[in-house]
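**Student:** What follows is a single structure, and I will ask about it in a moment.
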Amino acid sequence: MTSTMEWIRRQYGVPARHKMRITYNGKPATIVGARGSHLRIRIDGERRILPTHPCYRIVYPQVPAPPRPRGWCRHCGKDRAMTKAGVMGQHRWHGRPCPGIGQPPTHRVVNQTHPGEQQTAARPVEETR
């Protein structure tokens, strides 16, 4: 079973995380949680928590790509590392090797979602002309 925030990242392809700093409708804000398919955010200087869709008027900070290719396992539904061949690598499910090992993922991870691979500062992107 996946968490609500993990489901939002997978479903909408956004890098949303708890306590992430974002810009909502041109104002700085913080993600304080999730309920169902909506994020709960608090705009700086306000007490009220707003429920909002993950793709509506939110600008996320640039998050670097994971250092190793990652994908969503078909069996356990988790964000896991993949092998060079593009299939799911070794991981465990309920204490046993997951039956999804060696299978192609449901789709690749485009945003870093695994907490162990988060970097403290995003690297600047060089423009190509």
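Please note that chains go A, B, ... in the order of the structure tokens, that every chain numbers its residues from 1, and that ligands are numbered from 1 in the order shown.
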Please give the complete set of residues from range 4-57 of chain A that DSSP, run on the backbone, assigns to helix (DSSP H, G or I), formatted as a ChimeraX atom specification.
**Tutor:** /A:4-12
**Student:** In Å to one decimal, how far is CA of Val32 in chain A from CA of Gly71 in chain A?
**Tutor:** 25.7 Å
**Student:** What's around Ser37 in chain A at 8 Å? Count only C-alpha atoms, leave out sequence neighbours fewer than 2 positions away in its own chain, and write the answer as a list of chain:residue names.
**Tutor:**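 So, after excluding close chain neighbours, the residues are A:Thr4, A:Ile8, A:Ala34, A:Arg35, A:Leu39, A:His53, A:Pro54.
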**Student:** Include N, CA and C atoms and write out the residues we just selected as a PDB file, in the first residue's frame.
**Tutor:**
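Contents of the output file part.pdb:
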ATOM      1  N   THR A   4      -0.509   8.486   0.604  1.00  0.00           N
ATOM      2  CA  THR A   4      -1.257   9.425  -0.233  1.00  0.00           C
ATOM      3  C   THR A   4      -0.302  10.307  -1.035  1.00  0.00           C
ATOM      4  N   ILE A   8       0.073  10.628  -5.080  1.00  0.00           N
ATOM      5  CA  ILE A   8      -0.009  11.900  -5.805  1.00  0.00           C
ATOM      6  C   ILE A   8       1.197  12.061  -6.715  1.00  0.00           C
ATOM      7  N   ALA A  34      -1.528  15.833   2.821  1.00  0.00           N
ATOM      8  CA  ALA A  34      -2.357  15.453   1.676  1.00  0.00           C
ATOM      9  C   ALA A  34      -3.608  14.764   2.199  1.00  0.00           C
ATOM     10  N   ARG A  35      -4.678  14.943   1.477  1.00  0.00           N
ATOM     11  CA  ARG A  35      -5.917  14.244   1.793  1.00  0.00           C
ATOM     12  C   ARG A  35      -6.550  13.849   0.477  1.00  0.00           C
ATOM     13  N   LEU A  39      -3.514  18.218  -2.207  1.00  0.00           N
ATOM     14  CA  LEU A  39      -2.480  18.631  -1.269  1.00  0.00           C
ATOM     15  C   LEU A  39      -3.075  19.615  -0.278  1.00  0.00           C
ATOM     16  N   HIS A  53      -5.491  21.107  -5.683  1.00  0.00           N
ATOM     17  CA  HIS A  53      -5.076  20.059  -6.611  1.00  0.00           C
ATOM     18  C   HIS A  53      -3.573  20.185  -6.859  1.00  0.00           C
ATOM     19  N   PRO A  54      -2.850  19.067  -6.972  1.00  0.00           N
ATOM     20  CA  PRO A  54      -1.395  19.113  -7.149  1.00  0.00           C
ATOM     21  C   PRO A  54      -0.925  19.813  -8.427  1.00  0.00           C
TER      22      PRO A  54
END
**Student:** At a cut-off of 9 Å, using only C-alpha atoms, what residues contact range 20-27 of chain A? Leave out same-chain residues fewer than 2 positions from it and give the result as a ChimeraX atom specification.
**Tutor:** /A:16-18,29-32,41,43-44,56-61
**Student:** Take the residues just selected and output them with all heavy atoms as a CSV table (one decimal), in the first residue's frame.
**Tutor:**
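Done, and the output landed in result_19.csv:
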chain,number,residue,atom,x,y,z
A,16,ALA,N,5.9,16.4,-5.3
A,16,ALA,CA,5.3,16.9,-4.0
A,16,ALA,C,5.8,16.0,-2.9
A,16,ALA,O,5.8,14.8,-3.0
A,16,ALA,CB,3.8,16.8,-4.1
A,17,ARG,N,6.3,16.7,-1.8
A,17,ARG,CA,6.7,16.0,-0.6
A,17,ARG,C,6.2,16.8,0.6
A,17,ARG,O,6.0,18.1,0.5
A,17,ARG,CB,8.2,15.9,-0.5
A,17,ARG,CG,8.8,15.0,-1.6
A,17,ARG,CD,10.3,14.7,-1.3
A,17,ARG,NE,10.4,13.8,-0.1
A,17,ARG,CZ,10.1,12.5,-0.2
A,17,ARG,NH1,9.7,12.0,-1.3
A,17,ARG,NH2,10.3,11.8,0.9
A,18,HIS,N,6.0,16.2,1.8
A,18,HIS,CA,5.7,16.9,3.0
A,18,HIS,C,6.8,17.9,3.3
A,18,HIS,O,7.9,17.7,3.1
A,18,HIS,CB,5.6,15.9,4.2
A,18,HIS,CG,4.4,15.1,4.1
A,18,HIS,ND1,3.1,15.5,4.4
A,18,HIS,CD2,4.3,13.8,3.7
A,18,HIS,CE1,2.3,14.5,4.2
A,18,HIS,NE2,2.9,13.4,3.8
A,29,ALA,N,4.7,29.2,-0.2
A,29,ALA,CA,3.8,28.3,0.6
A,29,ALA,C,4.6,27.0,0.9
A,29,ALA,O,5.7,26.8,0.4
A,29,ALA,CB,2.5,28.0,-0.1
A,30,THR,N,4.0,26.2,1.8
A,30,THR,CA,4.6,25.0,2.3
A,30,THR,C,3.5,23.9,2.2
A,30,THR,O,2.4,24.1,2.5
A,30,THR,CB,5.1,25.1,3.7
A,30,THR,OG1,6.0,26.2,3.8
A,30,THR,CG2,5.8,23.8,4.2
A,31,ILE,N,3.9,22.7,1.7
A,31,ILE,CA,3.0,21.6,1.7
A,31,ILE,C,3.0,21.0,3.1
A,31,ILE,O,4.0,20.6,3.6
A,31,ILE,CB,3.5,20.5,0.7
A,31,ILE,CG1,3.4,21.1,-0.7
A,31,ILE,CG2,2.6,19.3,0.8
A,31,ILE,CD1,4.0,20.1,-1.8
A,32,VAL,N,1.8,20.9,3.7
A,32,VAL,CA,1.7,20.4,5.1
A,32,VAL,C,1.1,19.0,5.2
A,32,VAL,O,1.1,18.4,6.2
A,32,VAL,CB,1.0,21.4,6.0
A,32,VAL,CG1,1.7,22.7,6.2
A,32,VAL,CG2,-0.4,21.6,5.5
A,41,ILE,N,-1.9,22.8,1.8
A,41,ILE,CA,-0.8,23.8,1.8
A,41,ILE,C,-1.1,25.0,2.7
A,41,ILE,O,-2.3,25.3,3.0
A,41,ILE,CB,-0.5,24.3,0.4
A,41,ILE,CG1,-1.6,25.2,-0.2
A,41,ILE,CG2,-0.1,23.2,-0.6
A,41,ILE,CD1,-1.3,25.9,-1.4
A,43,ILE,N,0.0,29.0,3.0
A,43,ILE,CA,0.6,30.1,2.4
A,43,ILE,C,1.4,30.9,3.6
A,43,ILE,O,0.8,31.0,4.7
A,43,ILE,CB,-0.4,31.1,1.7
A,43,ILE,CG1,-1.0,30.3,0.5
A,43,ILE,CG2,0.3,32.3,1.2
A,43,ILE,CD1,-2.1,31.0,-0.1
A,44,ASP,N,2.6,31.3,3.3
A,44,ASP,CA,3.4,32.0,4.3
A,44,ASP,C,2.6,33.2,4.9
A,44,ASP,O,2.0,34.0,4.1
A,44,ASP,CB,4.7,32.5,3.7
A,44,ASP,CG,5.6,31.4,3.4
A,44,ASP,OD1,5.3,30.2,3.7
A,44,ASP,OD2,6.8,31.7,3.0
A,56,TYR,N,-2.7,22.5,-9.8
A,56,TYR,CA,-3.4,23.8,-10.0
A,56,TYR,C,-2.6,24.9,-9.3
A,56,TYR,O,-2.6,25.0,-8.1
A,56,TYR,CB,-4.8,23.7,-9.4
A,56,TYR,CG,-5.7,24.9,-9.6
A,56,TYR,CD1,-6.2,25.3,-10.8
A,56,TYR,CD2,-6.0,25.7,-8.5
A,56,TYR,CE1,-6.9,26.4,-11.0
A,56,TYR,CE2,-6.8,26.8,-8.6
A,56,TYR,CZ,-7.2,27.2,-9.9
A,56,TYR,OH,-8.0,28.3,-10.0
A,57,ARG,N,-2.1,25.8,-10.2
A,57,ARG,CA,-1.4,27.1,-9.7
A,57,ARG,C,-0.2,26.8,-8.8
A,57,ARG,O,0.1,27.7,-8.0
A,57,ARG,CB,-2.4,28.0,-9.0
A,57,ARG,CG,-3.5,28.5,-9.9
A,57,ARG,CD,-4.4,29.5,-9.2
A,57,ARG,NE,-5.4,30.0,-10.2
A,57,ARG,CZ,-6.3,30.9,-9.8
A,57,ARG,NH1,-6.4,31.3,-8.6
A,57,ARG,NH2,-7.1,31.3,-10.7
A,58,ILE,N,0.4,25.6,-8.8
A,58,ILE,CA,1.5,25.3,-8.0
A,58,ILE,C,2.8,25.3,-8.8
A,58,ILE,O,2.8,24.6,-9.9
A,58,ILE,CB,1.4,24.0,-7.2
A,58,ILE,CG1,0.2,24.1,-6.2
A,58,ILE,CG2,2.7,23.6,-6.5
A,58,ILE,CD1,0.0,22.8,-5.5
A,59,VAL,N,3.8,26.0,-8.4
A,59,VAL,CA,5.1,25.9,-9.0
A,59,VAL,C,6.0,25.2,-8.1
A,59,VAL,O,6.3,25.6,-6.9
A,59,VAL,CB,5.7,27.3,-9.4
A,59,VAL,CG1,7.1,27.2,-10.0
A,59,VAL,CG2,4.8,28.0,-10.3
A,60,TYR,N,6.5,24.0,-8.5
A,60,TYR,CA,7.4,23.2,-7.6
A,60,TYR,C,8.9,23.6,-7.9
A,60,TYR,O,9.2,24.0,-9.0
A,60,TYR,CB,7.3,21.7,-8.0
A,60,TYR,CG,5.9,21.2,-7.6
A,60,TYR,CD1,4.9,21.1,-8.6
A,60,TYR,CD2,5.6,20.7,-6.3
A,60,TYR,CE1,3.6,20.6,-8.3
A,60,TYR,CE2,4.3,20.2,-6.0
A,60,TYR,CZ,3.4,20.2,-7.0
A,60,TYR,OH,2.1,19.7,-6.6
A,61,PRO,N,9.7,23.5,-6.9
A,61,PRO,CA,11.2,23.7,-7.1
A,61,PRO,C,11.7,22.6,-8.1
A,61,PRO,O,11.2,21.5,-8.1
A,61,PRO,CB,11.8,23.7,-5.8
A,61,PRO,CG,10.9,22.8,-5.0
A,61,PRO,CD,9.5,23.0,-5.5
**Student:** Using DSSP on the backbone coordinates, identify all residues within chain A classified as strand (DSSP E); present the result as a count of residues only.
**Tutor:** 35
**Student:** Need to verify the contact set: Asp79 in chain A, 7 Å, only C-alpha atoms, exclusion of same-chain residues closer than 3 positions in sequence. Can you return it as a list in words?
**Tutor:**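 Residues meeting the cut-off are Arg70, Gly71, Trp72, Cys73 and His114 of chain A.
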**Student:** Determine the nearest neighbour of Val14 in chain A from the options A:Cys55, A:Ala81, A:Ala65, A:Val87, counting only C-alpha atoms.
**Tutor:**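 Comparing A:Cys55, A:Ala81, A:Ala65, A:Val87 against Val14 in chain A, the winner is A:Cys55.
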